[in-house]
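**Student:** Take a look at start.txt, compact mmCIF, C-alpha atoms and all ligand atoms:
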```
# COMPACT_ATOMS: atom_id res chain seq x y z
CA MET A 235 75.71 56.35 6.50
CA GLU A 236 78.46 57.04 9.02
CA ARG A 237 81.93 58.52 8.84
CA LEU A 238 84.57 55.90 8.21
CA GLN A 239 86.81 56.88 11.16
CA LYS A 240 83.80 56.59 13.48
CA VAL A 241 82.90 53.13 12.19
CA ILE A 242 86.50 51.97 12.67
CA ALA A 243 86.62 53.43 16.18
CA ASN A 244 83.22 51.92 17.10
CA SER A 245 84.47 48.50 16.06
CA GLY A 246 86.87 48.67 19.00
CA LEU A 247 89.93 48.26 16.76
CA THR A 248 91.47 51.59 17.62
CA SER A 249 90.74 55.18 18.65
CA ARG A 250 89.12 57.73 16.34
CA ARG A 251 92.42 59.62 16.05
CA LYS A 252 94.40 56.47 15.18
CA ALA A 253 91.69 55.56 12.67
CA GLU A 254 92.16 58.95 10.99
CA GLU A 255 95.90 58.35 10.81
CA LEU A 256 95.37 54.93 9.26
CA ILE A 257 93.02 56.44 6.66
CA ASN A 258 95.48 59.25 5.88
CA SER A 259 98.31 56.81 5.42
CA GLY A 260 96.34 54.77 2.89
CA LYS A 261 96.00 51.70 5.13
CA VAL A 262 92.21 51.62 4.88
CA LEU A 263 90.28 50.27 1.88
CA VAL A 264 86.55 50.57 1.30
CA ASN A 265 85.22 48.04 -1.19
CA GLY A 266 88.76 47.53 -2.46
CA LYS A 267 89.59 51.21 -2.98
CA ILE A 268 91.86 53.38 -0.84
CA ALA A 269 89.67 55.39 1.50
CA SER A 270 89.80 59.10 2.18
CA LEU A 271 89.30 60.84 5.49
CA GLY A 272 85.73 61.89 6.16
CA MET A 273 84.12 59.59 3.64
CA LYS A 274 80.88 57.98 4.69
CA VAL A 275 80.14 54.29 4.63
CA ASN A 276 77.08 52.13 5.16
CA ASP A 277 76.45 48.66 6.58
CA SER A 278 77.10 46.82 3.36
CA ASP A 279 80.49 48.46 2.63
CA ILE A 280 83.47 46.19 3.19
CA ILE A 281 86.18 47.95 5.12
CA MET A 282 89.74 46.62 5.29
CA VAL A 283 92.29 47.96 7.74
CA ASN A 284 95.91 46.89 7.38
CA GLY A 285 94.84 44.11 5.04
CA GLU A 286 92.15 42.67 7.30
CA VAL A 287 88.38 42.94 7.03
CA LEU A 288 86.95 45.07 9.81
CA GLU A 289 84.51 43.25 12.09
CA LYS A 290 81.84 45.83 12.81
CA ASN A 291 80.88 45.75 16.43
CA GLU A 292 77.29 46.79 16.00
CA LYS A 293 75.64 48.10 19.11
CA LYS A 294 72.61 46.18 20.29
CA VAL A 295 69.30 47.98 20.43
CA TYR A 296 65.97 46.97 21.98
CA TYR A 297 62.57 48.51 21.36
CA MET A 298 59.18 47.84 22.90
CA LEU A 299 56.39 48.80 20.51
CA ASN A 300 52.68 49.06 21.13
CA LYS A 301 51.74 47.64 17.75
CA PRO A 302 48.68 49.21 16.15
CA ARG A 303 46.12 47.25 14.14
CA GLY A 304 46.76 46.99 10.39
CA VAL A 305 50.54 46.76 10.60
CA ILE A 306 52.52 43.70 9.63
CA SER A 307 55.02 42.11 12.03
CA SER A 308 58.01 41.90 9.74
CA ALA A 309 60.84 44.00 8.42
CA SER A 310 59.41 44.18 4.89
CA ASP A 311 56.25 43.18 3.07
CA GLU A 312 55.79 42.10 -0.54
CA LYS A 313 52.32 43.70 -0.57
CA ASN A 314 53.78 47.02 0.59
CA ARG A 315 51.77 47.11 3.79
CA LYS A 316 53.03 49.18 6.70
CA THR A 317 55.52 47.21 8.82
CA VAL A 318 56.33 47.39 12.52
CA VAL A 319 59.94 48.24 11.64
CA SER A 320 58.82 51.33 9.71
CA LEU A 321 57.26 52.69 12.92
CA ILE A 322 60.65 52.89 14.61
CA ASP A 323 63.05 55.68 13.85
CA THR A 324 66.43 53.98 13.53
CA ASP A 325 69.05 53.28 10.87
CA ILE A 326 69.95 50.02 12.54
CA ARG A 327 68.54 46.90 10.94
CA ILE A 328 66.07 45.57 13.49
CA TYR A 329 63.40 42.88 13.35
CA PRO A 330 60.51 41.80 15.58
CA ILE A 331 60.92 39.04 18.15
CA GLY A 332 58.10 36.74 17.07
CA ARG A 333 54.92 37.97 15.46
CA LEU A 334 51.57 39.49 16.18
CA ASP A 335 48.83 39.10 13.57
CA TYR A 336 47.99 42.01 11.25
CA ASP A 337 44.88 42.79 13.30
CA THR A 338 46.43 42.11 16.74
CA THR A 339 47.65 45.05 18.81
CA GLY A 340 50.02 45.36 21.73
CA LEU A 341 53.45 44.55 22.97
CA LEU A 342 56.04 43.62 20.40
CA LEU A 343 59.80 43.66 20.95
CA LEU A 344 62.19 44.58 18.18
CA THR A 345 65.95 44.22 18.21
CA ASN A 346 69.10 43.48 16.23
CA ASP A 347 70.18 41.04 18.95
CA GLY A 348 69.68 37.63 17.37
CA GLU A 349 70.91 35.80 20.43
CA LEU A 350 68.31 37.38 22.70
CA ALA A 351 65.59 36.81 20.08
CA ASN A 352 66.43 33.09 19.98
CA ILE A 353 66.42 32.83 23.77
CA LEU A 354 63.03 34.53 24.10
CA MET A 355 61.42 32.51 21.33
CA HIS A 356 62.76 29.07 22.29
CA PRO A 357 59.92 27.02 23.84
CA LYS A 358 62.20 25.54 26.50
CA ASN A 359 62.62 29.00 28.05
CA GLU A 360 58.87 29.22 28.71
CA VAL A 361 58.45 32.95 28.24
CA GLU A 362 54.99 33.97 29.38
CA LYS A 363 52.76 36.26 27.29
CA THR A 364 49.50 37.78 28.44
CA TYR A 365 46.72 38.57 25.99
CA ILE A 366 43.40 40.33 26.33
CA ALA A 367 40.93 38.74 23.95
CA LYS A 368 37.45 39.95 23.13
CA ILE A 369 35.45 36.91 22.09
CA GLU A 370 32.06 36.58 20.52
CA GLY A 371 29.54 35.00 22.86
CA ASN A 372 30.23 33.86 26.41
CA LEU A 373 32.25 30.91 27.60
CA THR A 374 30.02 28.40 29.36
CA PRO A 375 31.32 27.20 32.74
CA GLN A 376 32.27 23.90 31.05
CA GLU A 377 34.22 25.72 28.32
CA PHE A 378 36.00 27.86 30.90
CA TYR A 379 36.90 24.76 32.90
CA SER A 380 38.19 22.83 29.88
CA LEU A 381 40.24 25.83 28.77
CA LYS A 382 41.73 26.09 32.26
CA LYS A 383 42.67 22.40 32.14
CA GLY A 384 44.23 22.74 28.67
CA ILE A 385 43.10 22.66 25.05
CA MET A 386 44.54 20.43 22.33
CA ILE A 387 45.79 22.50 19.41
CA GLU A 388 47.20 20.40 16.57
CA ASP A 389 48.19 17.51 18.80
CA ARG A 390 49.75 19.63 21.50
CA LYS A 391 48.03 20.77 24.66
CA VAL A 392 48.06 24.44 25.60
CA ILE A 393 47.52 25.03 29.31
CA PRO A 394 47.04 28.71 30.21
CA THR A 395 49.24 29.84 33.08
CA ARG A 396 46.51 32.36 33.97
CA LEU A 397 42.91 32.68 32.88
CA LYS A 398 40.39 35.26 33.94
CA VAL A 399 37.11 36.69 32.66
CA ARG A 400 37.47 40.47 32.87
CA LYS A 401 34.07 41.49 31.59
CA THR A 402 30.89 39.87 30.32
CA THR A 403 28.16 41.38 28.15
CA ILE A 404 25.21 39.63 26.52
CA ASP A 405 27.08 38.81 23.34
CA SER A 406 30.78 39.08 24.18
CA GLN A 407 33.41 38.57 26.81
CA ILE A 408 36.81 40.04 27.59
CA ILE A 409 39.20 37.30 28.62
CA GLU A 410 42.68 37.68 30.07
CA ILE A 411 44.80 34.69 29.16
CA SER A 412 48.49 34.01 29.75
CA ILE A 413 50.35 31.29 27.89
CA ILE A 414 53.93 30.26 27.33
CA GLU A 415 53.19 29.14 23.76
CA GLY A 416 54.54 30.93 20.74
CA ARG A 417 52.71 29.25 17.85
CA ASN A 418 51.15 31.48 15.20
CA HIS A 419 47.49 32.50 15.76
CA ILE A 420 47.50 30.42 18.94
CA ILE A 421 44.94 32.49 20.86
CA LYS A 422 42.50 32.56 17.93
CA LYS A 423 42.94 28.80 17.53
CA ILE A 424 42.27 28.17 21.22
CA PHE A 425 38.98 30.06 21.14
CA ALA A 426 38.05 28.61 17.74
CA VAL A 427 38.25 25.12 19.26
CA LEU A 428 35.74 26.29 21.86
CA GLY A 429 33.49 27.75 19.16
CA HIS A 430 34.16 31.45 19.77
CA SER A 431 35.79 33.84 17.36
CA VAL A 432 38.16 36.52 18.61
CA SER A 433 37.05 39.98 17.50
CA LYS A 434 39.87 41.89 19.20
CA LEU A 435 43.23 40.77 20.51
CA LYS A 436 45.88 42.67 22.37
CA ARG A 437 49.11 41.49 23.95
CA GLU A 438 49.58 43.21 27.27
CA SER A 439 52.78 41.68 28.50
CA TYR A 440 55.75 39.67 27.36
CA ALA A 441 58.03 38.08 29.97
CA PHE A 442 58.55 40.74 32.67
CA LEU A 443 57.63 43.62 30.34
CA SER A 444 54.20 45.27 30.24
CA LEU A 445 52.82 47.94 27.93
CA GLY A 446 52.21 50.38 30.79
CA ASN A 447 51.36 53.80 29.35
CA LEU A 448 52.84 53.15 25.92
CA LYS A 449 50.28 54.38 23.39
CA SER A 450 49.37 52.67 20.14
CA GLY A 451 52.17 53.22 17.62
CA GLU A 452 54.70 54.32 20.25
N1 LIG A 501 47.63 34.58 19.04
C1 LIG A 501 46.92 34.97 17.96
O1 LIG A 501 45.94 34.35 17.60
N2 LIG A 501 47.33 36.08 17.31
C2 LIG A 501 48.39 36.83 17.69
O2 LIG A 501 48.69 37.83 17.05
C3 LIG A 501 49.11 36.40 18.82
C4 LIG A 501 48.72 35.27 19.49
```
Could you take the file, read its structure, and then write that structure out as structure tokens?

**Tutor:**
Amino acid sequence: MERLQKVIANSGLTSRRKAEELINSGKVLVNGKIASLGMKVNDSDIIMVNGEVLEKNEKKVYYMLNKPRGVISSASDEKNRKTVVSLIDTDIRIYPIGRLDYDTTGLLLLTNDGELANILMHPKNEVEKTYIAKIEGNLTPQEFYSLKKGIMIEDRKVIPTRLKVRKTTIDSQIIEISIIEGRNHIIKKIFAVLGHSVSKLKRESYAFLSLGNLKSGE
């Protein structure tokens, strides 16, 4: 909730002082009723000034979250699970740009800027994402080579822009993989085709942004 004169001023229509004058002279309606100075309004209230609906000039906000495990990448959830939006302290209605699975951790952007979200998610803009995947078993040299050359996932080839084995143990491997794909569960699908399940997955970077020191949940 914000004071009406502030909302009018923030819209760029007029100054705060002029907005107060307009309210005092009965030229402002909120949901069809004459407004009073100091009253508070929320996003869904319809404000009319001098007979015209006020276009709210909402400021754009951008958050980078290090998503923890067990949190859903949406603004709300019908099963009442914790959402990424609930981790961010803001009154502005924000949503995640794309999704990370419930059990995937790492870099997720949230915003109220629909235009930017569309640009980043559109395949033609080829935004690169880097993931660190812990897989069960080890990739054979042949599997590594075929992954490097590109793997068919549902009739479309995914060619990693970068691929590196970070660590190998007897029964697992840590793989760094960068792709420009945005399809759901894409990393798990890639390794599933090669016969390896992904036991941990983290997104380390998105476009030119990296997690850096951002801790889980921050
Ligand atoms: N690929 C996956 O399999 N899961 C994610 O959360 C992101 C990419």

**Student:** Nearest to Gly304 (chain A) among A:Ile404, A:Ile424, A:Leu288, A:Leu334, with distances taken over only C-alpha atoms: which residue is it?

**Tutor:**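 Going through A:Ile404, A:Ile424, A:Leu288, A:Leu334 one by one, the smallest distance to Gly304 (chain A) is for A:Leu334.
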
**Student:** Using all atoms listed in the file, which of A:Arg437, A:His430, A:His419, A:His356 sits nearest ligand LIG 501 (chain A)?

**Tutor:**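 Ranking A:Arg437, A:His430, A:His419, A:His356 by distance to ligand LIG 501 (chain A), first place goes to A:His419.
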
**Student:** Can you pull out the residues contacting Glu255 (chain A)? Cut-off 12 Å, using all atoms listed in the file, and skip same-chain residues under 5 positions away; I want them as a VMD selection string.

**Tutor:** chain A and resid 238 to 239 242 to 243 248 to 250 260 to 262 269 to 272 283 to 284

**Student:** What does the list of residues within 9 Å of ligand LIG 501 (chain A) look like if you count all atoms listed in the file, written as a list of chain:residue names?

**Tutor:** A:Arg333, A:Leu334, A:Asp335, A:Tyr336, A:Asp337, A:Thr338, A:Thr339, A:Gly340, A:Lys363, A:Tyr365, A:Glu415, A:Gly416, A:Arg417, A:Asn418, A:His419, A:Ile420, A:Ile421, A:Lys422, A:Lys423, A:Ile424, A:Phe425, A:Val432, A:Leu435, A:Lys436, A:Arg437

**Student:** Go ahead and save the picked residues with C-alpha atoms, as a PDB file, keeping the file's coordinate frame.

**Tutor:**
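Writing the result to out15.pdb gives the following:
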```pdb
ATOM      1  CA  ARG A 333      54.920  37.970  15.460  1.00  0.00           C
ATOM      2  CA  LEU A 334      51.570  39.490  16.180  1.00  0.00           C
ATOM      3  CA  ASP A 335      48.830  39.100  13.570  1.00  0.00           C
ATOM      4  CA  TYR A 336      47.990  42.010  11.250  1.00  0.00           C
ATOM      5  CA  ASP A 337      44.880  42.790  13.300  1.00  0.00           C
ATOM      6  CA  THR A 338      46.430  42.110  16.740  1.00  0.00           C
ATOM      7  CA  THR A 339      47.650  45.050  18.810  1.00  0.00           C
ATOM      8  CA  GLY A 340      50.020  45.360  21.730  1.00  0.00           C
ATOM      9  CA  LYS A 363      52.760  36.260  27.290  1.00  0.00           C
ATOM     10  CA  TYR A 365      46.720  38.570  25.990  1.00  0.00           C
ATOM     11  CA  GLU A 415      53.190  29.140  23.760  1.00  0.00           C
ATOM     12  CA  GLY A 416      54.540  30.930  20.740  1.00  0.00           C
ATOM     13  CA  ARG A 417      52.710  29.250  17.850  1.00  0.00           C
ATOM     14  CA  ASN A 418      51.150  31.480  15.200  1.00  0.00           C
ATOM     15  CA  HIS A 419      47.490  32.500  15.760  1.00  0.00           C
ATOM     16  CA  ILE A 420      47.500  30.420  18.940  1.00  0.00           C
ATOM     17  CA  ILE A 421      44.940  32.490  20.860  1.00  0.00           C
ATOM     18  CA  LYS A 422      42.500  32.560  17.930  1.00  0.00           C
ATOM     19  CA  LYS A 423      42.940  28.800  17.530  1.00  0.00           C
ATOM     20  CA  ILE A 424      42.270  28.170  21.220  1.00  0.00           C
ATOM     21  CA  PHE A 425      38.980  30.060  21.140  1.00  0.00           C
ATOM     22  CA  VAL A 432      38.160  36.520  18.610  1.00  0.00           C
ATOM     23  CA  LEU A 435      43.230  40.770  20.510  1.00  0.00           C
ATOM     24  CA  LYS A 436      45.880  42.670  22.370  1.00  0.00           C
ATOM     25  CA  ARG A 437      49.110  41.490  23.950  1.00  0.00           C
TER      26      ARG A 437
END
```

**Student:** Name the closest residue to Ser431 (chain A) among the candidates A:Pro394, A:Gly384, A:Gly451, A:Gly371; distances are taken between atoms, counting all atoms listed in the file.

**Tutor:**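 Using all atoms listed in the file, the shortest distance to Ser431 (chain A) belongs to A:Gly371.
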
**Student:** Need to verify the contact set: Glu438 (chain A), 7 Å, only C-alpha atoms, exclusion of same-chain residues closer than 6 positions in sequence. Can you return it as a VMD selection string?

**Tutor:** chain A and resid 340 to 341 364 to 366 444 to 445
